[in-house]
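Dropping entry20.csv in here (CSV, C-alpha atoms):
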```csv
chain,number,residue,atom,x,y,z
A,1,LYS,CA,0.0,0.0,0.0
A,2,TYR,CA,2.8,2.4,0.9
A,3,ALA,CA,5.2,1.3,-1.9
A,4,ALA,CA,5.9,3.6,-4.8
A,5,GLU,CA,3.2,3.4,-7.5
A,6,GLY,CA,5.5,1.8,-10.1
A,7,LEU,CA,6.3,-1.1,-7.9
A,8,TRP,CA,2.7,-2.3,-8.0
A,9,GLN,CA,3.3,-3.1,-11.7
A,10,ASP,CA,6.2,-5.4,-10.8
A,11,ARG,CA,5.1,-9.0,-10.9
A,12,GLU,CA,7.6,-10.3,-8.4
A,13,VAL,CA,6.9,-7.5,-5.9
A,14,VAL,CA,3.1,-8.0,-6.2
A,15,LEU,CA,3.3,-11.8,-6.1
A,16,GLU,CA,5.3,-11.6,-2.9
A,17,ALA,CA,2.8,-9.0,-1.5
A,18,VAL,CA,0.0,-11.4,-2.3
A,19,ARG,CA,1.2,-13.6,0.5
A,20,ARG,CA,0.3,-10.8,2.7
A,21,TYR,CA,-3.1,-10.0,1.2
A,22,ALA,CA,-2.0,-7.0,-0.9
A,23,LEU,CA,-3.4,-7.9,-4.3
A,24,LYS,CA,-5.9,-5.1,-4.2
A,25,TYR,CA,-3.0,-2.7,-4.7
A,26,ALA,CA,-1.8,-4.4,-7.9
A,27,ALA,CA,-1.9,-2.4,-11.1
A,28,GLU,CA,-5.0,-2.9,-13.2
A,29,GLU,CA,-2.9,-4.4,-15.9
A,30,LEU,CA,-1.9,-7.3,-13.6
A,31,ARG,CA,-5.4,-7.8,-12.3
A,32,GLN,CA,-6.5,-8.3,-15.9
A,33,ASP,CA,-3.7,-10.9,-16.5
A,34,HIS,CA,-5.0,-14.4,-16.7
A,35,GLU,CA,-1.8,-16.2,-15.7
A,36,PHE,CA,-1.0,-13.6,-13.0
A,37,ILE,CA,-4.3,-14.1,-11.2
A,38,LEU,CA,-4.0,-17.9,-11.4
A,39,ASN,CA,-0.4,-17.6,-10.1
A,40,ALA,CA,-1.5,-15.4,-7.3
A,41,VAL,CA,-3.7,-18.2,-6.0
A,42,GLU,CA,-0.8,-20.6,-6.2
A,43,VAL,CA,1.6,-18.3,-4.5
A,44,GLY,CA,-1.0,-17.6,-1.8
A,45,GLY,CA,-1.0,-21.3,-0.9
A,46,ARG,CA,-3.9,-22.5,-3.0
A,47,ASN,CA,-6.2,-22.1,-0.1
A,48,ARG,CA,-9.7,-20.5,0.1
A,49,ASN,CA,-8.3,-17.2,1.3
A,50,SER,CA,-5.8,-16.8,-1.6
A,51,LEU,CA,-8.5,-17.8,-4.1
A,52,ARG,CA,-11.0,-15.4,-2.6
A,53,GLN,CA,-8.5,-12.6,-2.6
A,54,ALA,CA,-7.3,-13.3,-6.2
A,55,LEU,CA,-10.8,-13.5,-7.6
A,56,THR,CA,-12.2,-10.6,-5.6
A,57,PHE,CA,-9.5,-8.3,-6.9
A,58,ALA,CA,-9.3,-9.8,-10.4
A,59,ALA,CA,-10.5,-7.5,-13.2
A,60,GLU,CA,-14.2,-7.9,-13.9
A,61,GLU,CA,-13.5,-8.7,-17.6
A,62,LEU,CA,-11.4,-11.6,-16.4
A,63,LEU,CA,-14.3,-13.1,-14.5
A,64,GLN,CA,-16.4,-12.8,-17.7
A,65,ASP,CA,-13.7,-14.6,-19.7
A,66,ARG,CA,-14.9,-18.2,-20.4
A,67,GLU,CA,-11.4,-19.6,-21.0
A,68,PHE,CA,-10.1,-18.0,-17.7
A,69,VAL,CA,-13.0,-19.4,-15.8
A,70,LEU,CA,-12.7,-22.9,-17.2
A,71,GLU,CA,-9.0,-22.9,-16.3
A,72,ALA,CA,-9.7,-21.6,-12.8
A,73,VAL,CA,-12.4,-24.2,-12.3
A,74,ARG,CA,-10.0,-27.0,-13.5
A,75,ARG,CA,-7.4,-25.8,-11.0
A,76,PHE,CA,-9.4,-24.7,-8.0
A,77,GLY,CA,-12.9,-26.3,-8.3
A,78,CYS,CA,-16.4,-25.1,-7.9
A,79,VAL,CA,-15.7,-22.4,-5.4
A,80,VAL,CA,-14.6,-20.3,-8.4
A,81,LEU,CA,-18.3,-20.0,-9.3
A,82,ASN,CA,-18.8,-17.6,-6.4
A,83,TYR,CA,-17.0,-15.0,-8.4
A,84,VAL,CA,-17.8,-15.5,-12.0
A,85,ALA,CA,-20.1,-13.4,-14.2
A,86,LYS,CA,-23.8,-14.6,-14.1
A,87,GLU,CA,-23.6,-15.3,-17.9
A,88,LEU,CA,-21.1,-18.1,-17.2
A,89,ARG,CA,-23.5,-19.7,-14.8
A,90,GLN,CA,-25.6,-20.4,-17.9
A,91,ASP,CA,-22.7,-22.2,-19.5
A,92,ARG,CA,-23.3,-25.9,-19.3
A,93,GLU,CA,-19.6,-26.8,-19.7
A,94,VAL,CA,-18.6,-24.5,-16.9
A,95,ILE,CA,-21.2,-25.9,-14.5
A,96,LEU,CA,-20.5,-29.6,-15.4
A,97,LEU,CA,-16.8,-29.1,-15.1
A,98,ALA,CA,-17.2,-27.5,-11.7
A,99,ALA,CA,-19.5,-30.3,-10.6
A,100,GLN,CA,-16.7,-32.8,-11.2
A,101,HIS,CA,-15.0,-31.2,-8.2
A,102,HIS,CA,-18.2,-31.1,-6.1
A,103,PRO,CA,-21.9,-31.4,-6.8
A,104,HIS,CA,-22.5,-28.1,-4.9
A,105,ALA,CA,-21.6,-26.5,-8.3
A,106,TYR,CA,-25.1,-27.4,-9.5
A,107,HIS,CA,-26.5,-24.8,-7.1
A,108,PHE,CA,-24.8,-22.1,-9.2
A,109,ALA,CA,-26.5,-23.2,-12.4
A,110,ALA,CA,-28.8,-20.6,-14.0
A,111,LYS,CA,-32.5,-21.3,-14.1
A,112,GLU,CA,-32.3,-21.6,-17.9
A,113,LEU,CA,-30.0,-24.7,-17.6
A,114,TRP,CA,-32.6,-26.5,-15.4
A,115,GLN,CA,-35.1,-26.1,-18.3
A,116,ASP,CA,-32.6,-27.8,-20.7
A,117,ARG,CA,-33.6,-31.5,-21.0
A,118,GLU,CA,-30.0,-32.6,-21.9
A,119,PHE,CA,-28.4,-30.6,-19.1
A,120,VAL,CA,-30.7,-32.2,-16.5
A,121,LEU,CA,-30.1,-35.6,-17.9
A,122,ASP,CA,-26.4,-35.0,-17.8
A,123,VAL,CA,-26.7,-34.1,-14.1
A,124,VAL,CA,-28.7,-37.2,-13.4
A,125,ARG,CA,-26.2,-39.4,-15.4
A,126,ALA,CA,-23.3,-37.7,-13.5
A,127,GLY,CA,-24.9,-38.9,-10.3
A,128,THR,CA,-25.2,-42.6,-11.4
A,129,PRO,CA,-22.8,-44.8,-9.5
A,130,ALA,CA,-21.8,-46.5,-12.7
A,131,ALA,CA,-20.8,-43.2,-14.3
A,132,PRO,CA,-17.1,-43.2,-15.4
A,133,PRO,CA,-14.8,-41.0,-13.4
A,134,PRO,CA,-14.6,-38.0,-13.0
A,135,MET,CA,-18.3,-37.7,-13.5
A,136,ASN,CA,-19.2,-40.0,-10.6
A,137,VAL,CA,-20.0,-37.2,-8.1
A,138,PRO,CA,-21.6,-38.2,-4.8
A,139,TYR,CA,-24.7,-39.4,-6.6
A,140,TYR,CA,-27.3,-38.7,-4.0
A,141,GLN,CA,-26.4,-35.0,-4.1
A,142,ALA,CA,-26.6,-34.8,-7.9
A,143,PHE,CA,-29.9,-36.6,-8.0
A,144,THR,CA,-31.4,-34.5,-5.3
A,145,ILE,CA,-30.4,-31.3,-6.9
A,146,ALA,CA,-31.5,-32.4,-10.3
A,147,PHE,CA,-34.9,-33.5,-9.0
A,148,GLU,CA,-35.4,-30.3,-7.1
A,149,ARG,CA,-34.3,-27.9,-9.8
A,150,ALA,CA,-35.5,-29.5,-13.1
A,151,ALA,CA,-38.3,-27.5,-14.8
A,152,GLU,CA,-41.7,-28.8,-14.0
A,153,ASP,CA,-42.6,-29.4,-17.6
A,154,LEU,CA,-39.7,-31.9,-17.9
A,155,TRP,CA,-41.5,-34.2,-15.4
A,156,GLN,CA,-44.5,-34.3,-17.8
A,157,ASP,CA,-42.2,-35.5,-20.6
A,158,ARG,CA,-42.6,-39.3,-20.9
A,159,GLU,CA,-39.2,-39.9,-22.6
A,160,PHE,CA,-37.4,-37.6,-20.2
A,161,VAL,CA,-38.8,-39.3,-17.1
A,162,LEU,CA,-38.0,-42.8,-18.5
A,163,GLU,CA,-34.4,-41.8,-19.1
A,164,ALA,CA,-34.2,-40.3,-15.6
A,165,VAL,CA,-35.7,-43.5,-14.2
A,166,ARG,CA,-33.1,-45.6,-16.1
A,167,CYS,CA,-30.5,-43.8,-14.1
A,168,ARG,CA,-32.3,-43.6,-10.8
A,169,GLY,CA,-35.6,-45.3,-10.1
A,170,LEU,CA,-36.5,-42.5,-7.6
A,171,ALA,CA,-37.1,-40.2,-10.6
A,172,LEU,CA,-40.5,-41.8,-10.9
A,173,THR,CA,-41.6,-40.0,-7.7
A,174,HIS,CA,-41.1,-36.7,-9.5
A,175,ALA,CA,-43.0,-37.6,-12.6
A,176,ALA,CA,-46.2,-35.7,-13.4
A,177,GLU,CA,-49.3,-37.2,-11.7
A,178,GLU,CA,-50.9,-38.3,-15.0
A,179,LEU,CA,-47.7,-40.3,-15.8
A,180,ARG,CA,-47.7,-42.0,-12.4
A,181,GLN,CA,-51.4,-43.0,-13.0
A,182,ASP,CA,-50.7,-44.4,-16.5
A,183,ARG,CA,-50.4,-48.2,-16.0
A,184,GLU,CA,-48.4,-48.7,-19.2
A,185,PHE,CA,-46.0,-46.0,-18.3
A,186,VAL,CA,-45.4,-47.3,-14.8
A,187,LEU,CA,-44.8,-50.8,-16.1
A,188,GLU,CA,-42.3,-49.4,-18.6
A,189,ALA,CA,-40.6,-47.4,-15.9
A,190,VAL,CA,-40.4,-50.4,-13.5
A,191,ARG,CA,-38.8,-52.4,-16.3
A,192,CYS,CA,-36.0,-49.9,-16.8
```

Could you show the structure in this file as structure tokens?
Amino acid sequence: KYAAEGLWQDREVVLEAVRRYALKYAAEELRQDHEFILNAVEVGGRNRNSLRQALTFAAEELLQDREFVLEAVRRFGCVVLNYVAKELRQDREVILLAAQHHPHAYHFAAKELWQDREFVLDVVRAGTPAAPPPMNVPYYQAFTIAFERAAEDLWQDREFVLEAVRCRGLALTHAAEELRQDREFVLEAVRC
């Protein structure tokens, strides 16, 4: 804070200062730098505090940059979603990648994604115990979130419900009432 202004543009000085929570004084040019911000987290010890500091003081444009966010999620997990632009919470790849680290990432998914049939089925499939790593997230959490958040009209879609039931029989409990009263449908669902 008290160093000469020019020193806050020096990468080495600023990275050292990051260890002492001084990133907010870094020059804007450094706070816009993709690699610098990722390195700041590494230098800070890859812990929650260093991540919070780096992303809190990162330039807004960086938190809207899809490639930066994907790399940050790959390295540091779903906690990154606390800081990213809302538009990126509508990005299925960002959310699914973050969920590989922890299913809590699904809570950040935009409402529009929960209306997307394929996204919801991806979430349900990700929670299937037989899913190949790294998509095998703690399955009860993935299912619970998917069942709670999926758009209501999806539960009226016969094919959607059958696909969900193939992954997890409990999906039948969320099916629309008319489907659950349809003898042929229930027989088909039970046979899945």

### Task
Write out as a ChimeraX atom specification which residues come within 12 Å of Ile95 (chain A) when counting only C-alpha atoms, dropping same-chain ones fewer than 5 positions away.
/A:66,69-70,73-74,77-82,84,86-90,100-110,113-114,119-120,122-123

Could you make a table, as a tab-separated table, of the residues of region 76-167 of chain A that have an atom within 10 Å of an atom of region 176-186 of chain A, each with its nearest atom pair and distance in Å to one decimal, counting only C-alpha atoms, in chain and number order?
```
residue	atom	partner	partner_atom	distance
A:Glu152	CA	A:Ala176	CA	8.3
A:Asp153	CA	A:Ala176	CA	8.4
A:Leu154	CA	A:Ala176	CA	8.8
A:Trp155	CA	A:Ala176	CA	5.3
A:Gln156	CA	A:Ala176	CA	4.9
A:Asp157	CA	A:Ala176	CA	8.2
A:Arg158	CA	A:Leu179	CA	7.3
A:Val161	CA	A:Ala176	CA	9.0
A:Leu162	CA	A:Phe185	CA	8.6
```

Go ahead and write the selection's residues with C-alpha atoms as a CSV table (one decimal), in the frame of the given file.
```csv
chain,number,residue,atom,x,y,z
A,152,GLU,CA,-41.7,-28.8,-14.0
A,153,ASP,CA,-42.6,-29.4,-17.6
A,154,LEU,CA,-39.7,-31.9,-17.9
A,155,TRP,CA,-41.5,-34.2,-15.4
A,156,GLN,CA,-44.5,-34.3,-17.8
A,157,ASP,CA,-42.2,-35.5,-20.6
A,158,ARG,CA,-42.6,-39.3,-20.9
A,161,VAL,CA,-38.8,-39.3,-17.1
A,162,LEU,CA,-38.0,-42.8,-18.5
```

### Distance in Å - CA of Phe57 (chain A) versus CA of Arg92 (chain A)
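One can read the CA of Phe57 (chain A) to CA of Arg92 (chain A) distance as 25.6 Å.
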
### Task
For CA of Glu60 (chain A) and CA of Glu42 (chain A), determine how far apart the two atoms are, in Å to one decimal place.
20.0 Å

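Closest approach to Lys24 (chain A) among A:Val43, A:Ala54, A:Cys167, A:Leu38 is made by A:Ala54 (distances from only C-alpha atoms).
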
### Task
List the neighbours of Leu170 (chain A) out to 12 Å using all atoms listed in the file; skip same-chain residues closer than 4 positions along the sequence, and give me the result as number ranges by chain.
A: 124, 128, 140, 143-144, 146-147, 161-166, 174-175, 189-190, 192

### Task
For CA of Arg168 (chain A) and CA of Asp91 (chain A), determine how far apart the two atoms are, in Å to one decimal place.
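Between CA of Arg168 (chain A) and CA of Asp91 (chain A) the gap is 25.0 Å.
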
Mind completing region 33-44 of chain A with all heavy atoms? Output as a PDB file, in the coordinates of the input, please?
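Okay, this is what ended up in rebuild36.pdb:
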```pdb
ATOM      1  N   ASP A  33      -4.590  -9.838 -15.976  1.00  0.00           N
ATOM      2  CA  ASP A  33      -3.700 -10.900 -16.500  1.00  0.00           C
ATOM      3  C   ASP A  33      -4.123 -12.260 -16.048  1.00  0.00           C
ATOM      4  O   ASP A  33      -4.019 -12.569 -14.856  1.00  0.00           O
ATOM      5  CB  ASP A  33      -2.264 -10.556 -16.159  1.00  0.00           C
ATOM      6  CG  ASP A  33      -1.277 -11.505 -16.792  1.00  0.00           C
ATOM      7  OD1 ASP A  33      -1.401 -12.727 -16.586  1.00  0.00           O
ATOM      8  OD2 ASP A  33      -0.377 -11.023 -17.498  1.00  0.00           O
ATOM      9  N   HIS A  34      -4.567 -13.062 -16.972  1.00  0.00           N
ATOM     10  CA  HIS A  34      -5.000 -14.400 -16.700  1.00  0.00           C
ATOM     11  C   HIS A  34      -4.038 -15.222 -15.881  1.00  0.00           C
ATOM     12  O   HIS A  34      -4.372 -15.727 -14.811  1.00  0.00           O
ATOM     13  CB  HIS A  34      -5.229 -15.062 -18.119  1.00  0.00           C
ATOM     14  CG  HIS A  34      -5.666 -16.477 -18.151  1.00  0.00           C
ATOM     15  ND1 HIS A  34      -6.707 -16.887 -18.928  1.00  0.00           N
ATOM     16  CD2 HIS A  34      -5.214 -17.591 -17.553  1.00  0.00           C
ATOM     17  CE1 HIS A  34      -6.870 -18.185 -18.796  1.00  0.00           C
ATOM     18  NE2 HIS A  34      -5.966 -18.635 -17.974  1.00  0.00           N
ATOM     19  N   GLU A  35      -2.818 -15.366 -16.370  1.00  0.00           N
ATOM     20  CA  GLU A  35      -1.800 -16.200 -15.700  1.00  0.00           C
ATOM     21  C   GLU A  35      -1.413 -15.560 -14.339  1.00  0.00           C
ATOM     22  O   GLU A  35      -1.170 -16.276 -13.375  1.00  0.00           O
ATOM     23  CB  GLU A  35      -0.575 -16.382 -16.556  1.00  0.00           C
ATOM     24  CG  GLU A  35      -0.730 -17.493 -17.554  1.00  0.00           C
ATOM     25  CD  GLU A  35      -1.198 -18.823 -16.946  1.00  0.00           C
ATOM     26  OE1 GLU A  35      -0.610 -19.289 -15.939  1.00  0.00           O
ATOM     27  OE2 GLU A  35      -2.166 -19.397 -17.467  1.00  0.00           O
ATOM     28  N   PHE A  36      -1.347 -14.235 -14.279  1.00  0.00           N
ATOM     29  CA  PHE A  36      -1.000 -13.600 -13.000  1.00  0.00           C
ATOM     30  C   PHE A  36      -1.958 -13.936 -11.915  1.00  0.00           C
ATOM     31  O   PHE A  36      -1.561 -14.278 -10.799  1.00  0.00           O
ATOM     32  CB  PHE A  36      -0.865 -12.071 -13.182  1.00  0.00           C
ATOM     33  CG  PHE A  36      -0.565 -11.380 -11.886  1.00  0.00           C
ATOM     34  CD1 PHE A  36       0.721 -11.357 -11.377  1.00  0.00           C
ATOM     35  CD2 PHE A  36      -1.583 -10.780 -11.158  1.00  0.00           C
ATOM     36  CE1 PHE A  36       0.996 -10.749 -10.164  1.00  0.00           C
ATOM     37  CE2 PHE A  36      -1.313 -10.182  -9.942  1.00  0.00           C
ATOM     38  CZ  PHE A  36      -0.027 -10.157  -9.441  1.00  0.00           C
ATOM     39  N   ILE A  37      -3.234 -13.835 -12.205  1.00  0.00           N
ATOM     40  CA  ILE A  37      -4.300 -14.100 -11.200  1.00  0.00           C
ATOM     41  C   ILE A  37      -4.198 -15.581 -10.759  1.00  0.00           C
ATOM     42  O   ILE A  37      -4.250 -15.896  -9.567  1.00  0.00           O
ATOM     43  CB  ILE A  37      -5.670 -13.717 -11.679  1.00  0.00           C
ATOM     44  CG1 ILE A  37      -5.765 -12.192 -11.848  1.00  0.00           C
ATOM     45  CG2 ILE A  37      -6.749 -14.227 -10.735  1.00  0.00           C
ATOM     46  CD1 ILE A  37      -5.597 -11.388 -10.564  1.00  0.00           C
ATOM     47  N   LEU A  38      -4.056 -16.493 -11.722  1.00  0.00           N
ATOM     48  CA  LEU A  38      -4.000 -17.900 -11.400  1.00  0.00           C
ATOM     49  C   LEU A  38      -2.699 -18.160 -10.525  1.00  0.00           C
ATOM     50  O   LEU A  38      -2.738 -18.923  -9.552  1.00  0.00           O
ATOM     51  CB  LEU A  38      -3.971 -18.783 -12.620  1.00  0.00           C
ATOM     52  CG  LEU A  38      -5.278 -18.756 -13.423  1.00  0.00           C
ATOM     53  CD1 LEU A  38      -5.130 -19.538 -14.709  1.00  0.00           C
ATOM     54  CD2 LEU A  38      -6.444 -19.280 -12.599  1.00  0.00           C
ATOM     55  N   ASN A  39      -1.598 -17.509 -10.877  1.00  0.00           N
ATOM     56  CA  ASN A  39      -0.400 -17.600 -10.100  1.00  0.00           C
ATOM     57  C   ASN A  39      -0.505 -17.055  -8.702  1.00  0.00           C
ATOM     58  O   ASN A  39       0.087 -17.557  -7.745  1.00  0.00           O
ATOM     59  CB  ASN A  39       0.823 -16.991 -10.821  1.00  0.00           C
ATOM     60  CG  ASN A  39       1.274 -17.803 -12.014  1.00  0.00           C
ATOM     61  OD1 ASN A  39       1.028 -18.997 -12.108  1.00  0.00           O
ATOM     62  ND2 ASN A  39       1.930 -17.134 -12.940  1.00  0.00           N
ATOM     63  N   ALA A  40      -1.286 -15.991  -8.585  1.00  0.00           N
ATOM     64  CA  ALA A  40      -1.500 -15.400  -7.300  1.00  0.00           C
ATOM     65  C   ALA A  40      -2.156 -16.365  -6.321  1.00  0.00           C
ATOM     66  O   ALA A  40      -1.823 -16.407  -5.135  1.00  0.00           O
ATOM     67  CB  ALA A  40      -2.363 -14.117  -7.415  1.00  0.00           C
ATOM     68  N   VAL A  41      -3.054 -17.179  -6.833  1.00  0.00           N
ATOM     69  CA  VAL A  41      -3.700 -18.200  -6.000  1.00  0.00           C
ATOM     70  C   VAL A  41      -2.645 -19.231  -5.584  1.00  0.00           C
ATOM     71  O   VAL A  41      -2.571 -19.632  -4.415  1.00  0.00           O
ATOM     72  CB  VAL A  41      -4.873 -18.876  -6.713  1.00  0.00           C
ATOM     73  CG1 VAL A  41      -5.467 -19.966  -5.841  1.00  0.00           C
ATOM     74  CG2 VAL A  41      -5.930 -17.850  -7.077  1.00  0.00           C
ATOM     75  N   GLU A  42      -1.827 -19.656  -6.533  1.00  0.00           N
ATOM     76  CA  GLU A  42      -0.800 -20.600  -6.200  1.00  0.00           C
ATOM     77  C   GLU A  42       0.192 -20.103  -5.185  1.00  0.00           C
ATOM     78  O   GLU A  42       0.499 -20.788  -4.213  1.00  0.00           O
ATOM     79  CB  GLU A  42      -0.002 -20.989  -7.518  1.00  0.00           C
ATOM     80  CG  GLU A  42      -0.824 -21.591  -8.630  1.00  0.00           C
ATOM     81  CD  GLU A  42      -1.224 -23.041  -8.409  1.00  0.00           C
ATOM     82  OE1 GLU A  42      -0.666 -23.691  -7.503  1.00  0.00           O
ATOM     83  OE2 GLU A  42      -2.097 -23.517  -9.139  1.00  0.00           O
ATOM     84  N   VAL A  43       0.664 -18.876  -5.381  1.00  0.00           N
ATOM     85  CA  VAL A  43       1.600 -18.300  -4.500  1.00  0.00           C
ATOM     86  C   VAL A  43       1.008 -18.104  -3.076  1.00  0.00           C
ATOM     87  O   VAL A  43       1.672 -18.257  -2.063  1.00  0.00           O
ATOM     88  CB  VAL A  43       2.100 -16.892  -5.011  1.00  0.00           C
ATOM     89  CG1 VAL A  43       2.826 -16.084  -3.948  1.00  0.00           C
ATOM     90  CG2 VAL A  43       2.994 -17.099  -6.210  1.00  0.00           C
ATOM     91  N   GLY A  44      -0.281 -17.810  -3.045  1.00  0.00           N
ATOM     92  CA  GLY A  44      -1.000 -17.600  -1.800  1.00  0.00           C
ATOM     93  C   GLY A  44      -1.243 -18.918  -1.035  1.00  0.00           C
ATOM     94  O   GLY A  44      -1.823 -18.923   0.039  1.00  0.00           O
TER      95      GLY A  44
END
```
